[in-house]
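Visitor: Just one file: final.txt, with compact mmCIF, C-alpha atoms.
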# COMPACT_ATOMS: atom_id res chain seq x y z
CA THR A 272 -97.73 -39.34 -42.05
CA ALA A 273 -99.69 -40.79 -39.16
CA MET A 274 -101.28 -37.37 -38.59
CA GLU A 275 -102.62 -37.24 -42.14
CA ASP A 276 -103.78 -40.86 -41.90
CA ALA A 277 -105.67 -40.17 -38.65
CA LEU A 278 -107.40 -37.14 -40.16
CA VAL A 279 -108.42 -39.07 -43.28
CA LEU A 280 -109.76 -41.96 -41.17
CA ALA A 281 -111.70 -39.53 -38.98
CA ARG A 282 -113.69 -38.42 -42.02
CA THR A 283 -115.35 -41.83 -42.35
CA SER A 284 -114.94 -43.39 -38.90
CA SER A 285 -116.97 -42.72 -35.78
CA LYS A 286 -113.82 -42.83 -33.63
CA VAL A 287 -110.06 -42.96 -34.24
CA THR A 288 -107.58 -43.89 -31.52
CA LEU A 289 -104.04 -42.84 -32.32
CA VAL A 290 -101.53 -44.98 -30.42
CA HIS A 291 -98.30 -43.00 -30.16
CA ARG A 292 -95.08 -44.31 -28.63
CA ARG A 293 -93.75 -40.93 -27.46
CA ASP A 294 -95.11 -38.00 -25.45
CA SER A 295 -95.15 -35.58 -28.38
CA PHE A 296 -95.59 -35.59 -32.15
CA ARG A 297 -92.83 -35.03 -34.69
CA ALA A 298 -95.36 -33.67 -37.17
CA SER A 299 -95.70 -29.98 -37.90
CA HIS A 300 -97.46 -27.87 -35.30
CA THR A 301 -100.36 -27.32 -37.69
CA MET A 302 -100.89 -31.04 -38.33
CA ALA A 303 -100.60 -31.89 -34.64
CA GLU A 304 -103.17 -29.22 -33.75
CA ARG A 305 -105.60 -30.54 -36.36
CA VAL A 306 -105.37 -34.02 -34.85
CA LEU A 307 -105.58 -32.85 -31.24
CA ASN A 308 -108.58 -30.62 -31.99
CA ASN A 309 -110.53 -33.25 -33.91
CA PRO A 310 -113.32 -34.55 -31.64
CA LYS A 311 -113.25 -37.99 -33.32
CA ILE A 312 -109.54 -38.56 -32.58
CA SER A 313 -108.14 -39.55 -29.20
CA VAL A 314 -104.41 -40.00 -28.56
CA MET A 315 -102.82 -42.64 -26.36
CA TRP A 316 -99.41 -41.15 -25.48
CA ASN A 317 -96.32 -43.23 -24.55
CA THR A 318 -98.10 -46.34 -25.76
CA VAL A 319 -97.15 -49.22 -28.05
CA VAL A 320 -99.21 -51.95 -29.68
CA GLU A 321 -98.42 -55.39 -28.27
CA LYS A 322 -100.78 -57.52 -30.36
CA PHE A 323 -104.05 -57.67 -32.25
CA GLU A 324 -106.83 -59.85 -30.82
CA GLY A 325 -109.68 -61.60 -32.56
CA THR A 326 -110.62 -64.75 -34.43
CA ASP A 327 -110.65 -65.83 -38.06
CA GLY A 328 -114.43 -66.06 -38.03
CA GLN A 329 -115.14 -62.80 -36.21
CA GLY A 330 -112.17 -60.65 -37.23
CA LEU A 331 -110.49 -58.04 -35.06
CA SER A 332 -112.02 -57.54 -31.62
CA GLY A 333 -109.33 -55.56 -29.82
CA VAL A 334 -105.80 -54.26 -29.68
CA MET A 335 -103.54 -55.01 -26.72
CA VAL A 336 -101.48 -51.93 -25.86
CA LYS A 337 -98.81 -51.19 -23.29
CA THR A 338 -98.56 -47.81 -21.57
CA GLU A 339 -95.73 -47.26 -19.10
CA GLY A 340 -95.46 -50.98 -18.37
CA LYS A 341 -99.20 -51.59 -17.96
CA THR A 342 -100.96 -53.73 -20.56
CA ARG A 343 -104.63 -53.49 -21.48
CA THR A 344 -106.89 -54.29 -24.41
CA ILE A 345 -108.89 -51.61 -26.16
CA PRO A 346 -111.90 -52.69 -28.24
CA ALA A 347 -111.45 -52.28 -32.00
CA VAL A 348 -113.17 -53.55 -35.13
CA ALA A 349 -110.61 -52.14 -37.56
CA CYS A 350 -107.00 -51.04 -37.48
CA PHE A 351 -104.73 -49.00 -39.72
CA VAL A 352 -101.00 -49.22 -38.99
CA ALA A 353 -98.73 -46.32 -39.90
CA ILE A 354 -95.14 -47.05 -39.01
CA GLY A 355 -93.88 -43.50 -39.02
CA HIS A 356 -90.16 -43.29 -39.59
CA ASP A 357 -88.96 -46.71 -38.44
CA PRO A 358 -89.98 -49.72 -40.53
CA VAL A 359 -90.67 -52.78 -38.39
CA THR A 360 -88.46 -55.24 -40.24
CA ASP A 361 -86.04 -56.48 -37.57
CA PHE A 362 -87.56 -59.97 -37.72
CA LEU A 363 -86.26 -60.24 -41.31
CA LYS A 364 -82.63 -59.28 -40.58
CA ASN A 365 -80.13 -61.64 -42.20
CA GLN A 366 -82.97 -63.18 -44.22
CA VAL A 367 -83.93 -60.39 -46.64
CA ASP A 368 -81.70 -57.64 -48.03
CA MET A 369 -82.44 -54.24 -46.48
CA ASP A 370 -80.80 -50.86 -46.44
CA THR A 371 -79.12 -49.23 -43.45
CA GLN A 372 -82.44 -47.75 -42.25
CA GLY A 373 -84.18 -51.14 -42.26
CA TYR A 374 -86.26 -50.72 -45.42
CA LEU A 375 -86.59 -53.91 -47.45
CA GLN A 376 -84.91 -53.76 -50.82
CA THR A 377 -86.83 -54.91 -53.85
CA ARG A 378 -85.34 -56.02 -57.13
CA PRO A 379 -84.57 -53.35 -59.73
CA ASP A 380 -86.94 -55.02 -62.23
CA GLY A 381 -89.89 -53.06 -60.80
CA THR A 382 -91.50 -56.01 -59.00
CA THR A 383 -91.98 -56.35 -55.26
CA LYS A 384 -89.65 -59.37 -55.12
CA THR A 385 -86.96 -59.30 -52.45
CA SER A 386 -83.68 -61.18 -52.16
CA ALA A 387 -85.51 -64.08 -50.47
CA GLU A 388 -87.47 -66.40 -52.72
CA GLY A 389 -91.21 -66.08 -52.15
CA VAL A 390 -90.92 -62.93 -50.02
CA PHE A 391 -92.41 -59.71 -51.40
CA ALA A 392 -92.18 -56.20 -49.96
CA ALA A 393 -94.94 -53.62 -50.13
CA GLY A 394 -95.89 -50.32 -48.62
CA ASP A 395 -94.23 -48.75 -45.62
CA VAL A 396 -91.50 -51.37 -45.25
CA ALA A 397 -90.24 -50.78 -48.79
CA ASP A 398 -91.03 -47.11 -49.44
CA HIS A 399 -88.61 -44.46 -48.18
CA MET A 400 -90.25 -41.50 -49.78
CA TYR A 401 -94.02 -41.61 -49.49
CA ARG A 402 -94.92 -44.04 -46.68
CA GLN A 403 -98.59 -43.25 -47.27
CA ALA A 404 -101.75 -45.30 -47.38
CA ILE A 405 -102.39 -44.89 -51.09
CA THR A 406 -98.83 -45.89 -51.98
CA SER A 407 -99.06 -48.87 -49.64
CA ALA A 408 -102.35 -49.96 -51.18
CA GLY A 409 -100.89 -49.78 -54.68
CA SER A 410 -97.71 -51.63 -53.81
CA GLY A 411 -99.75 -54.15 -51.80
CA ALA A 412 -101.73 -54.93 -54.95
CA LYS A 413 -98.46 -55.35 -56.86
CA ALA A 414 -97.13 -57.69 -54.17
CA ALA A 415 -100.31 -59.75 -54.27
CA LEU A 416 -99.97 -60.15 -58.04
CA ASP A 417 -96.27 -61.02 -57.73
CA ALA A 418 -97.03 -63.59 -55.01
CA GLU A 419 -99.84 -65.13 -57.03
CA ARG A 420 -97.56 -65.40 -60.06
CA TYR A 421 -94.82 -66.95 -57.90
CA LEU A 422 -97.20 -69.52 -56.42
CA SER A 423 -98.59 -70.38 -59.87
CA GLU A 424 -95.12 -70.88 -61.33
CA SER A 425 -93.65 -72.80 -58.41
CA GLY A 426 -96.59 -75.15 -58.07
So, in terms of structure tokens, how does the structure I just supplied come out?
Guide:
Amino acid sequence: TAMEDALVLARTSSKVTLVHRRDSFRASHTMAERVLNNPKISVMWNTVVEKFEGTDGQGLSGVMVKTEGKTRTIPAVACFVAIGHDPVTDFLKNQVDMDTQGYLQTRPDGTTKTSAEGVFAAGDVADHMYRQAITSAGSGAKAALDAERYLSESG
């Protein structure tokens, strides 16, 4: 969950900003209290990410967020995105097969291939059960290998 992810990141980061789109957490009371009581974690309530800012040469420099209609950029050198319960896959509707909840469907052969040629699904957009960083990292590595194989074979 995003709560667990924030706590893990706080172990190695000097500061963690948790951008949360609602005014309360869905997590257990215990997990929410751990996050709220961690001095390295600050929460931006009723806020959504609009875009990431930076350059290819310099990397991420900030994250544009919107809170109650007002947009601003917060400085950032790194970002971890946890989607929570709603995969952000609307932009792929009618292009890639997905289930009724919006998770991308991969082929039953164990690869990360989707119904669209050259499109691979990994992590939170394809994983109903775990939706965790370690699972996403593992499936991301699988998708990278599948994509490399696809590009090698298709020239």
Visitor: Mind pulling up the distance from atom CA of Val290 of chain A to atom CA of Trp316 of chain A?
Guide: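 Computing the Euclidean distance for atom CA of Trp316 of chain A and atom CA of Val290 of chain A yields 6.6 Å.
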Visitor: Neighbours of segment 333-348 of chain A within 8 Å (all atoms listed in the file; same-chain residues fewer than 4 positions away dropped), as an NGL selection string?
Guide: :A and (316-325)
Visitor: Go ahead and save the residues from that selection, with C-alpha atoms, as a CSV table (one decimal), in the coordinates of the input.
Guide:
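Final output, part.csv:
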chain,number,residue,atom,x,y,z
A,316,TRP,CA,-99.4,-41.2,-25.5
A,317,ASN,CA,-96.3,-43.2,-24.6
A,318,THR,CA,-98.1,-46.3,-25.8
A,319,VAL,CA,-97.2,-49.2,-28.0
A,320,VAL,CA,-99.2,-52.0,-29.7
A,321,GLU,CA,-98.4,-55.4,-28.3
A,322,LYS,CA,-100.8,-57.5,-30.4
A,323,PHE,CA,-104.0,-57.7,-32.2
A,324,GLU,CA,-106.8,-59.8,-30.8
A,325,GLY,CA,-109.7,-61.6,-32.6
Visitor: Hey, can you check how far atom CA of Asn365 of chain A sits from atom CA of Thr272 of chain A?
Guide: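 Going from atom CA of Asn365 of chain A over to atom CA of Thr272 of chain A, I get 28.4 Å.
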Visitor: Using all atoms listed in the file, pick whichever of A:Ala393, A:Met274, A:Thr288, A:Val279 has the shortest atom-to-atom distance to Thr301 of chain A.
Guide: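 Between A:Ala393, A:Met274, A:Thr288, A:Val279, the residue approaching Thr301 of chain A most closely is A:Met274.
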Visitor: Please measure the separation of atom CA of Ala349 of chain A and atom CA of Gly411 of chain A, giving the value in Å to one decimal.
Guide: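 So the answer is 18.0 Å.
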Visitor: Near Ser285 of chain A, counting only C-alpha atoms, which residues have an atom at most 10 Å away, once you skip same-chain residues fewer than 2 positions from it, shown as a PyMOL selection string?
Guide: chain A and resi 280-283+287+310-312
Visitor: Restricting the calculation to all atoms listed in the file, which member of A:Asp380, A:Val352, A:Gln372, A:Ser423 is positioned closest to Gly394 of chain A?
Guide: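 Under the stated criterion, the closest residue is A:Val352.
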Visitor: May I have the residues at most 12 Å from (-99.0, -61.3, -56.4) in the file's coordinates, counting only C-alpha atoms, as an mmCIF file with C-alpha atoms, in the coordinates of the input?
Guide:
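The resulting file, point_10.cif, is shown below:
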data_model
loop_
_atom_site.group_PDB
_atom_site.id
_atom_site.type_symbol
_atom_site.label_atom_id
_atom_site.label_comp_id
_atom_site.auth_asym_id
_atom_site.auth_seq_id
_atom_site.Cartn_x
_atom_site.Cartn_y
_atom_site.Cartn_z
ATOM 1 C CA THR A 382 -91.500 -56.010 -59.000
ATOM 2 C CA THR A 383 -91.980 -56.350 -55.260
ATOM 3 C CA LYS A 384 -89.650 -59.370 -55.120
ATOM 4 C CA GLY A 389 -91.210 -66.080 -52.150
ATOM 5 C CA VAL A 390 -90.920 -62.930 -50.020
ATOM 6 C CA PHE A 391 -92.410 -59.710 -51.400
ATOM 7 C CA ALA A 392 -92.180 -56.200 -49.960
ATOM 8 C CA ALA A 393 -94.940 -53.620 -50.130
ATOM 9 C CA GLY A 409 -100.890 -49.780 -54.680
ATOM 10 C CA SER A 410 -97.710 -51.630 -53.810
ATOM 11 C CA GLY A 411 -99.750 -54.150 -51.800
ATOM 12 C CA ALA A 412 -101.730 -54.930 -54.950
ATOM 13 C CA LYS A 413 -98.460 -55.350 -56.860
ATOM 14 C CA ALA A 414 -97.130 -57.690 -54.170
ATOM 15 C CA ALA A 415 -100.310 -59.750 -54.270
ATOM 16 C CA LEU A 416 -99.970 -60.150 -58.040
ATOM 17 C CA ASP A 417 -96.270 -61.020 -57.730
ATOM 18 C CA ALA A 418 -97.030 -63.590 -55.010
ATOM 19 C CA GLU A 419 -99.840 -65.130 -57.030
ATOM 20 C CA ARG A 420 -97.560 -65.400 -60.060
ATOM 21 C CA TYR A 421 -94.820 -66.950 -57.900
ATOM 22 C CA LEU A 422 -97.200 -69.520 -56.420
ATOM 23 C CA SER A 423 -98.590 -70.380 -59.870
ATOM 24 C CA GLU A 424 -95.120 -70.880 -61.330
#
Visitor: Neighbours of Ala298 of chain A within 12 Å (all atoms listed in the file; same-chain residues fewer than 6 positions away dropped), as number ranges by chain?
Guide: A: 272-275, 304-307, 355-356
Visitor: Could you give me, as JSON, numbers by chain, the residues within 10 Å of Gln366 of chain A, counting only C-alpha atoms and dropping anything in the same chain fewer than 2 positions from it?
Guide: {"A": [361, 362, 363, 364, 368, 369, 385, 386, 387, 390]}
